[in-house]
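Note: the block below is protein37.cif and it holds mmCIF, C-alpha atoms.
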```
data_my_file
loop_
_atom_site.label_atom_id
_atom_site.label_comp_id
_atom_site.auth_asym_id
_atom_site.auth_seq_id
_atom_site.Cartn_x
_atom_site.Cartn_y
_atom_site.Cartn_z
CA MET I 1093 100.11 83.35 99.57
CA SER I 1094 100.16 82.99 103.35
CA LEU I 1095 96.45 82.20 103.65
CA HIS I 1096 95.83 78.64 104.85
CA PRO I 1097 94.48 76.43 101.99
CA THR I 1098 91.39 75.58 104.06
CA LEU I 1099 90.47 79.27 104.19
CA GLN I 1100 91.12 80.09 100.53
CA PRO I 1101 87.65 79.08 99.24
CA TYR I 1102 86.01 81.46 101.72
CA ALA I 1103 88.32 84.31 100.74
CA ASP I 1104 87.64 83.63 97.05
CA ALA I 1105 83.86 83.54 97.60
CA TRP I 1106 83.94 86.78 99.59
CA ASN I 1107 86.03 88.47 96.91
CA HIS I 1108 83.72 87.31 94.12
CA SER I 1109 80.60 88.56 95.91
CA VAL I 1110 81.98 91.86 97.16
CA GLU I 1111 83.35 92.73 93.71
CA ALA I 1112 79.91 91.96 92.25
CA ILE I 1113 78.30 94.24 94.85
CA SER I 1114 80.73 97.02 93.98
CA GLU I 1115 79.89 96.68 90.27
CA LEU I 1116 76.17 96.66 91.02
CA VAL I 1117 76.14 99.86 93.08
CA GLN I 1118 78.83 101.93 91.36
CA PRO I 1119 76.52 103.35 88.65
CA LEU I 1120 73.44 103.85 90.86
CA VAL I 1121 71.80 107.25 91.06
CA GLU I 1122 70.85 108.58 94.50
CA ALA I 1123 67.22 107.40 94.30
CA ASP I 1124 68.30 103.79 93.61
CA TRP I 1125 70.05 103.65 96.97
CA ASN I 1126 66.65 103.97 98.66
CA ARG I 1127 65.13 100.99 96.85
CA ARG I 1128 63.65 98.36 99.12
CA THR I 1129 65.40 94.98 99.28
CA PRO I 1130 64.01 91.58 100.37
CA CYS I 1131 66.06 91.90 103.58
CA PRO I 1132 63.41 93.05 106.10
CA GLY I 1133 63.55 96.78 106.78
CA TRP I 1134 66.65 97.42 104.68
CA SER I 1135 67.17 99.50 101.54
CA VAL I 1136 70.00 99.12 99.03
CA ARG I 1137 71.98 101.66 101.08
CA ASP I 1138 71.31 99.69 104.26
CA VAL I 1139 72.49 96.40 102.77
CA VAL I 1140 75.70 97.98 101.46
CA SER I 1141 76.21 99.65 104.86
CA HIS I 1142 75.89 96.24 106.50
CA VAL I 1143 78.45 94.71 104.13
CA ILE I 1144 80.84 97.59 104.87
CA GLY I 1145 80.23 97.12 108.58
CA LEU I 1146 80.89 93.38 108.40
CA ASP I 1147 84.25 93.95 106.77
CA THR I 1148 85.34 96.79 109.05
CA GLU I 1149 84.74 94.44 111.97
CA MET I 1150 86.72 91.67 110.25
CA LEU I 1151 89.49 94.27 109.98
CA GLY I 1152 89.27 94.93 113.71
CA ASP I 1153 88.08 98.54 113.39
CA PRO I 1154 86.21 99.90 116.44
CA ARG I 1155 82.44 99.80 116.19
CA PRO I 1156 80.62 103.14 115.87
CA ILE I 1157 79.27 104.70 119.05
CA HIS I 1158 75.68 105.28 118.02
CA THR I 1159 72.22 105.23 119.57
CA LEU I 1160 69.49 103.65 117.49
CA PRO I 1161 66.16 105.46 117.04
CA ARG I 1162 63.15 103.85 118.70
CA ASP I 1163 61.02 103.49 115.54
CA LEU I 1164 63.01 100.70 113.81
CA PHE I 1165 60.25 98.10 113.98
CA HIS I 1166 62.21 95.49 112.02
CA VAL I 1167 64.76 95.37 114.85
CA THR I 1168 63.45 92.91 117.45
CA ASN I 1169 66.45 91.19 119.10
CA ASP I 1170 70.03 91.80 120.25
CA ARG I 1171 71.63 90.36 117.13
CA GLN I 1172 69.56 92.64 114.91
CA ARG I 1173 70.34 95.64 117.12
CA TYR I 1174 74.03 94.78 116.87
CA ALA I 1175 73.88 94.71 113.06
CA GLU I 1176 71.70 97.80 112.83
CA ILE I 1177 74.31 100.09 114.41
CA GLN I 1178 76.57 99.86 111.33
CA VAL I 1179 73.53 100.41 109.10
CA ASP I 1180 71.83 103.31 110.85
CA VAL I 1181 75.04 105.30 111.24
CA ARG I 1182 75.28 105.45 107.41
CA ARG I 1183 71.61 106.11 106.59
CA HIS I 1184 72.28 109.71 105.50
CA HIS I 1185 75.46 108.99 103.53
CA THR I 1186 75.41 109.99 99.87
CA ALA I 1187 75.99 107.63 96.96
CA PRO I 1188 79.61 108.81 96.44
CA GLU I 1189 80.31 108.40 100.17
CA MET I 1190 78.93 104.85 100.08
CA THR I 1191 80.84 103.72 97.00
CA SER I 1192 84.08 105.32 98.20
CA GLU I 1193 83.89 103.68 101.62
CA LEU I 1194 83.02 100.30 100.09
CA GLU I 1195 85.96 100.51 97.70
CA TYR I 1196 88.38 101.50 100.49
CA VAL I 1197 87.20 98.72 102.80
CA VAL I 1198 87.52 96.11 100.04
CA ILE I 1199 91.11 97.24 99.35
CA ARG I 1200 91.98 96.97 103.05
CA ARG I 1201 90.30 93.58 103.48
CA SER I 1202 91.97 92.17 100.37
CA ARG I 1203 95.34 93.23 101.77
CA GLN I 1204 94.48 91.69 105.14
CA LEU I 1205 93.57 88.37 103.50
CA ARG I 1206 96.78 88.34 101.46
CA ASN I 1207 98.74 88.68 104.70
CA GLU I 1208 96.56 86.34 106.80
CA SER I 1209 98.79 83.72 108.42
CA ARG I 1210 96.61 82.49 111.30
CA GLU I 1211 95.50 78.87 111.46
CA PRO I 1212 91.85 77.99 110.67
CA GLY I 1213 91.27 76.86 114.26
CA ARG I 1214 92.46 80.12 115.81
CA THR I 1215 89.80 81.67 118.06
CA VAL I 1216 88.55 85.09 116.95
CA ARG I 1217 85.93 87.49 118.24
CA GLY I 1218 82.46 87.32 116.68
CA PRO I 1219 79.23 89.34 116.99
CA LEU I 1220 78.04 90.30 120.48
CA GLY I 1221 81.33 89.21 122.03
CA SER I 1222 80.98 85.60 120.89
CA GLU I 1223 84.04 83.49 120.11
CA LEU I 1224 84.43 81.26 117.07
CA THR I 1225 87.20 79.85 114.93
CA LEU I 1226 88.73 81.85 112.11
CA GLU I 1227 87.42 79.22 109.66
CA GLU I 1228 83.85 79.53 110.96
CA SER I 1229 84.11 83.33 110.91
CA MET I 1230 85.29 83.42 107.30
CA LEU I 1231 82.70 80.83 106.21
CA ARG I 1232 79.86 82.82 107.80
CA HIS I 1233 81.21 86.03 106.32
CA ALA I 1234 81.35 84.60 102.78
CA PHE I 1235 77.81 83.32 103.24
CA ASP I 1236 76.48 86.66 104.53
CA VAL I 1237 78.03 88.70 101.74
CA TRP I 1238 76.71 86.35 99.03
CA VAL I 1239 73.18 86.47 100.48
CA HIS I 1240 73.31 90.27 100.57
CA GLU I 1241 74.57 90.32 96.99
CA GLN I 1242 71.39 88.44 96.11
CA ASP I 1243 69.31 90.96 98.10
CA LEU I 1244 70.78 93.75 95.99
CA ARG I 1245 70.28 91.86 92.73
CA THR I 1246 66.61 91.32 93.56
CA ALA I 1247 66.09 94.99 94.47
CA LEU I 1248 67.86 96.23 91.34
CA GLY I 1249 66.42 93.67 88.93
CA ARG I 1250 69.88 92.28 88.13
CA PRO I 1251 69.71 88.50 88.73
CA GLY I 1252 72.91 86.49 88.61
CA ASN I 1253 75.66 84.58 90.44
CA LEU I 1254 73.27 81.91 91.70
CA ASP I 1255 76.03 79.37 90.97
CA SER I 1256 79.01 81.45 92.12
CA PRO I 1257 81.54 80.31 94.76
CA GLY I 1258 79.42 82.02 97.43
CA ALA I 1259 76.35 80.08 96.29
CA HIS I 1260 78.05 76.76 97.01
CA ILE I 1261 79.09 77.95 100.46
CA ALA I 1262 75.50 79.09 101.05
CA ARG I 1263 74.28 75.62 100.07
CA ASP I 1264 76.49 74.00 102.71
CA VAL I 1265 75.56 76.54 105.42
CA LEU I 1266 71.83 76.16 104.79
CA LEU I 1267 71.93 72.37 104.49
CA ALA I 1268 73.66 72.14 107.86
CA GLU I 1269 70.53 73.67 109.41
CA LEU I 1270 68.06 71.25 107.79
CA PRO I 1271 68.14 68.52 110.48
CA ARG I 1272 67.25 71.08 113.13
CA VAL I 1273 64.44 72.47 110.97
CA VAL I 1274 62.91 69.06 110.31
CA ALA I 1275 63.50 67.22 113.59
CA GLU I 1276 63.39 69.97 116.22
CA LYS I 1277 61.32 72.81 114.82
CA ALA I 1278 58.85 70.95 112.60
CA GLN I 1279 58.77 67.94 114.98
CA ALA I 1280 58.88 65.30 112.24
CA PRO I 1281 57.85 61.86 113.56
CA ARG I 1282 60.55 59.59 114.93
CA SER I 1283 61.91 56.95 112.51
CA SER I 1284 60.79 59.04 109.52
CA ALA I 1285 62.53 60.70 106.59
CA VAL I 1286 62.09 63.95 104.69
CA VAL I 1287 63.53 64.49 101.21
CA ILE I 1288 64.55 67.89 99.82
CA ASP I 1289 65.00 67.91 96.03
CA VAL I 1290 66.49 71.15 94.68
CA HIS I 1291 67.03 71.94 91.00
CA GLY I 1292 68.47 74.90 89.11
CA PRO I 1293 71.95 76.51 89.06
CA VAL I 1294 72.83 74.59 92.26
CA GLU I 1295 71.29 71.10 92.37
CA PHE I 1296 71.15 68.59 95.20
CA LEU I 1297 68.96 65.93 96.77
CA ARG I 1298 69.23 65.41 100.54
CA THR I 1299 67.40 63.25 103.05
CA VAL I 1300 66.87 64.21 106.67
CA ARG I 1301 66.39 61.04 108.73
CA VAL I 1302 64.86 61.30 112.17
CA ASP I 1303 65.95 58.50 114.48
CA ILE I 1304 64.08 56.84 117.32
CA GLN I 1305 65.34 59.51 119.74
CA GLY I 1306 64.02 62.28 117.49
CA ARG I 1307 67.45 63.43 116.29
CA GLY I 1308 67.86 64.47 112.68
CA THR I 1309 70.81 63.66 110.42
CA LEU I 1310 71.52 64.74 106.86
CA GLU I 1311 72.22 62.10 104.21
CA THR I 1312 72.84 62.09 100.47
CA ALA I 1313 71.08 58.74 99.92
CA PRO I 1314 67.43 59.01 98.82
CA ALA I 1315 64.78 57.61 101.15
CA LEU I 1316 62.15 55.02 100.25
CA GLY I 1317 58.68 56.16 101.24
CA PRO I 1318 59.59 59.49 102.89
CA ALA I 1319 57.02 61.22 105.09
CA VAL I 1320 57.44 64.37 102.99
CA THR I 1321 59.21 65.34 99.78
CA LEU I 1322 59.78 69.00 98.91
CA VAL I 1323 60.74 69.86 95.33
CA LEU I 1324 61.82 73.45 94.61
CA ASP I 1325 64.34 75.51 92.66
CA TRP I 1326 67.58 76.81 94.19
CA GLU I 1327 66.60 80.48 94.22
CA THR I 1328 63.34 79.68 96.02
CA TYR I 1329 65.23 77.50 98.52
CA VAL I 1330 67.61 80.38 99.31
CA ARG I 1331 64.88 82.99 99.64
CA LEU I 1332 62.83 80.77 101.96
CA ALA I 1333 65.79 79.63 104.06
CA CYS I 1334 67.06 83.20 104.45
CA GLY I 1335 63.63 84.54 105.42
CA ARG I 1336 63.29 86.77 102.35
CA VAL I 1337 59.83 85.45 101.43
CA THR I 1338 56.99 83.63 103.16
CA PRO I 1339 55.98 80.06 102.25
CA ASP I 1340 52.59 81.38 101.11
CA ALA I 1341 54.26 83.74 98.66
CA MET I 1342 56.25 80.83 97.19
CA SER I 1343 53.49 78.21 97.21
CA GLY I 1344 53.44 78.05 93.42
CA ARG I 1345 57.17 77.29 93.30
CA VAL I 1346 57.28 74.50 95.91
CA LYS I 1347 55.90 71.05 95.12
CA THR I 1348 55.06 68.97 98.18
CA GLU I 1349 54.33 65.25 98.44
CA GLY I 1350 53.33 63.26 101.52
CA ASP I 1351 51.97 64.47 104.86
CA PRO I 1352 50.57 67.98 104.18
CA ASP I 1353 50.68 69.03 107.86
CA LEU I 1354 54.33 68.08 108.22
CA ALA I 1355 55.20 69.75 104.90
CA ALA I 1356 53.51 72.95 106.10
CA ALA I 1357 55.36 72.78 109.43
CA ILE I 1358 58.73 72.37 107.69
CA LEU I 1359 58.08 75.33 105.39
CA ARG I 1360 56.82 77.41 108.31
CA HIS I 1361 60.16 76.90 110.08
CA PHE I 1362 62.33 76.92 106.95
CA ALA I 1363 63.96 80.33 107.60
CA VAL I 1364 67.20 79.79 109.51
CA THR I 1365 69.00 83.16 109.33
CA PRO I 1366 68.59 85.47 112.34
#
```

Here is the file; what I need is its structure written in the form of structure tokens.
Amino acid sequence: MSLHPTLQPYADAWNHSVEAISELVQPLVEADWNRRTPCPGWSVRDVVSHVIGLDTEMLGDPRPIHTLPRDLFHVTNDRQRYAEIQVDVRRHHTAPEMTSELEYVVIRRSRQLRNESREPGRTVRGPLGSELTLEESMLRHAFDVWVHEQDLRTALGRPGNLDSPGAHIARDVLLAELPRVVAEKAQAPRSSAVVIDVHGPVEFLRTVRVDIQGRGTLETAPALGPAVTLVLDWETYVRLACGRVTPDAMSGRVKTEGDPDLAAAILRHFAVTP
């Protein structure tokens, strides 16, 4: 293997999720491809199109030249418009066309990863002309594909893989955003602490401490007398943090203790994916 050891977990997580997606969609009849998913505005076909598009761009394929229709009301910013191109261009593809293209792209990407010899810190091109390291690109990609696997599982009534390699990468990606959610967006008081207690297939307890300057940091040590404690299961955490459900819809699955206004503000700003 030429892949750098630092990158191997991301390649493994991607492979696990994309193979699961392929197994999920292979037997679907045409009508199932139109099922709505929790990803706003996207059907099963749209989510699979997005996954295909993500991997073609990782391969370095040219992006489609395509003009979006004006009535896509779920598309509200440049990042969403960027992603929607790969989706809309496939909206009239048949089930066999979708599964064939997915299979071909997975074969090509697997070959690319087997031959990947670049260092983790190598700069690569990201969405909208951004630049990021190869490690960050592969981490984000593994995260995206796992989240979209969960979108498909929800739409098709096939739950699973909530503790897969991609799930643990998703945990780390989402936890990294917690200090910003608590300190910047929810404006937690200075010199306070907020505890997040998550149970289920992936379990963790984290404390966000807000210092005297209002900066948030993430710690594993529990806090004494936190301003707010949120207790919820892992699936609910993912769906809230990825903007798949509203806090009101999940109110019965989130237990809050402490300042109710701060708890509400944290949940209101909990979604961190674009």

Item to check | Cut-off 12 Å around (75.3, 71.7, 99.4) with all atoms listed in the file: residues as a ChimeraX atom specification | outcome: /I:1255,1257-1270,1288-1291,1293-1298,1310-1312,1326,1329-1330

Please build the interface table for range 1116-1196 of chain I against range 1336-1359 of chain I with a cut-off of 12 Å, listing for each qualifying residue the nearest atom pair and the distance in Å to one decimal; count all atoms listed in the file, order rows by chain and increasing number, and write it as CSV.
```
residue,atom,partner,partner_atom,distance
I:Thr1129,CA,I:Arg1336,CA,9.0
I:Pro1130,CA,I:Arg1336,CA,5.3
I:Cys1131,CA,I:Arg1336,CA,6.0
I:Pro1132,CA,I:Arg1336,CA,7.3
I:Gly1133,CA,I:Arg1336,CA,10.9
I:Trp1134,CA,I:Arg1336,CA,11.4
```

Next on the checklist: I need the residue nearest Arg1155 in chain I from this list: I:Thr1328, I:Thr1168, I:Ser1135, I:Gln1178. Use only C-alpha atoms for the distance.
Outcome noted: I:Gln1178

Checklist entry - Within 12 Å of (70.6, 87.4, 97.8), all atoms listed in the file: residues as JSON, numbers by chain? => result {"I": [1109, 1112, 1113, 1129, 1130, 1131, 1136, 1139, 1235, 1236, 1237, 1238, 1239, 1240, 1241, 1242, 1243, 1244, 1245, 1246, 1247, 1248, 1249, 1250, 1251, 1252, 1253, 1254, 1255, 1256, 1258, 1259, 1262, 1326, 1327, 1328, 1329, 1330, 1331, 1332, 1333, 1334, 1335, 1336, 1337]}

Checklist entry - Can you list what the PyMOL selection byres ((chain I and resi 1159) around 12) grabs from this structure, as a PyMOL selection string? => result chain I and resi 1156-1158+1160-1162+1164+1173-1174+1176-1181

Find the residues of range 1108-1162 of chain I that sit at most 8 Å from range 1199-1209 of chain I; for each, write down the nearest two atoms and how far apart they are in Å, to one decimal. Count only C-alpha atoms. Sort by chain, then by number going up, and give it as CSV.
```
residue,atom,partner,partner_atom,distance
I:Asp1147,CA,I:Arg1201,CA,6.9
I:Met1150,CA,I:Arg1201,CA,7.9
I:Leu1151,CA,I:Arg1201,CA,6.6
```

Checklist entry - Which of these, I:Val1140, I:Ala1313, I:Val1273, I:Leu1116, has the shortest distance to His1185 in chain I once you count all atoms listed in the file? => result I:Val1140

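Put simply, CA of Glu1149 in chain I is 12.0 Å away from CA of Met1230 in chain I.
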
Item to check | Explicit residues for the PyMOL selection byres ((chain I and resi 1303) around 12) (as JSON, numbers by chain) | outcome: {"I": [1271, 1274, 1275, 1276, 1279, 1280, 1281, 1282, 1283, 1284, 1285, 1286, 1300, 1301, 1302, 1304, 1305, 1306, 1307, 1308, 1309, 1310]}

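If you look at CA of Ala1123 in chain I and CA of Gly1145 in chain I, they are 21.9 Å away from each other.
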
Checklist entry - How far is it from CA of Glu1122 in chain I to CA of Met1190 in chain I, in Å with one decimal? => result 10.5 Å

Next on the checklist: Once the PyMOL selection byres ((chain I and resi 1212-1219) around 12) is applied to the coordinates I shared, what remains selected? I want it as a PyMOL selection string.
Outcome noted: chain I and resi 1095-1100+1102+1145-1146+1149-1152+1155+1170-1175+1208-1211+1220-1233

Next on the checklist: Ranking I:Trp1106, I:Val1323, I:Glu1111, I:Pro1119 by minimum distance to Val1287 in chain I and counting all atoms listed in the file, which one comes first?
Outcome noted: I:Val1323

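Each of I:Arg1128, I:Glu1189, I:Val1143, I:Thr1299 was checked against Thr1321 in chain I using only C-alpha atoms; the smallest atom-to-atom distance is that of I:Thr1299.
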
Model the absent atoms of range 1177-1193 of chain I so that N, CA and C atoms are present, and write the result as a JSON list (two decimals), in the coordinates of the input.
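Output below, filename result_36.json:
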```
[["chain", "number", "residue", "atom", "x", "y", "z"],
["I", 1177, "ILE", "N", 73.45, 98.95, 114.09],
["I", 1177, "ILE", "CA", 74.31, 100.09, 114.41],
["I", 1177, "ILE", "C", 75.11, 100.52, 113.17],
["I", 1178, "GLN", "N", 75.76, 99.54, 112.52],
["I", 1178, "GLN", "CA", 76.57, 99.86, 111.33],
["I", 1178, "GLN", "C", 75.71, 100.37, 110.18],
["I", 1179, "VAL", "N", 74.45, 100.00, 110.17],
["I", 1179, "VAL", "CA", 73.53, 100.41, 109.10],
["I", 1179, "VAL", "C", 73.00, 101.82, 109.36],
["I", 1180, "ASP", "N", 72.48, 102.04, 110.55],
["I", 1180, "ASP", "CA", 71.83, 103.31, 110.85],
["I", 1180, "ASP", "C", 72.81, 104.48, 110.83],
["I", 1181, "VAL", "N", 74.05, 104.23, 111.20],
["I", 1181, "VAL", "CA", 75.04, 105.30, 111.24],
["I", 1181, "VAL", "C", 75.36, 105.82, 109.83],
["I", 1182, "ARG", "N", 75.00, 105.04, 108.80],
["I", 1182, "ARG", "CA", 75.28, 105.45, 107.41],
["I", 1182, "ARG", "C", 74.00, 105.83, 106.65],
["I", 1183, "ARG", "N", 72.88, 105.94, 107.31],
["I", 1183, "ARG", "CA", 71.61, 106.11, 106.59],
["I", 1183, "ARG", "C", 71.53, 107.43, 105.82],
["I", 1184, "HIS", "N", 72.32, 108.42, 106.21],
["I", 1184, "HIS", "CA", 72.28, 109.71, 105.50],
["I", 1184, "HIS", "C", 73.51, 109.92, 104.62],
["I", 1185, "HIS", "N", 74.28, 108.86, 104.40],
["I", 1185, "HIS", "CA", 75.46, 108.99, 103.53],
["I", 1185, "HIS", "C", 75.02, 109.06, 102.07],
["I", 1186, "THR", "N", 75.73, 109.83, 101.30],
["I", 1186, "THR", "CA", 75.41, 109.99, 99.87],
["I", 1186, "THR", "C", 75.95, 108.80, 99.08],
["I", 1187, "ALA", "N", 75.51, 108.71, 97.82],
["I", 1187, "ALA", "CA", 75.99, 107.63, 96.96],
["I", 1187, "ALA", "C", 77.51, 107.65, 96.82],
["I", 1188, "PRO", "N", 78.14, 108.81, 96.54],
["I", 1188, "PRO", "CA", 79.61, 108.81, 96.44],
["I", 1188, "PRO", "C", 80.30, 108.40, 97.75],
["I", 1189, "GLU", "N", 79.73, 108.81, 98.89],
["I", 1189, "GLU", "CA", 80.31, 108.40, 100.17],
["I", 1189, "GLU", "C", 80.24, 106.89, 100.34],
["I", 1190, "MET", "N", 79.11, 106.30, 99.93],
["I", 1190, "MET", "CA", 78.93, 104.85, 100.08],
["I", 1190, "MET", "C", 79.90, 104.08, 99.19],
["I", 1191, "THR", "N", 79.98, 104.46, 97.93],
["I", 1191, "THR", "CA", 80.84, 103.72, 97.00],
["I", 1191, "THR", "C", 82.32, 103.89, 97.36],
["I", 1192, "SER", "N", 82.68, 105.08, 97.82],
["I", 1192, "SER", "CA", 84.08, 105.32, 98.20],
["I", 1192, "SER", "C", 84.47, 104.48, 99.42],
["I", 1193, "GLU", "N", 83.58, 104.46, 100.42],
["I", 1193, "GLU", "CA", 83.89, 103.68, 101.62],
["I", 1193, "GLU", "C", 83.95, 102.19, 101.30]]
```
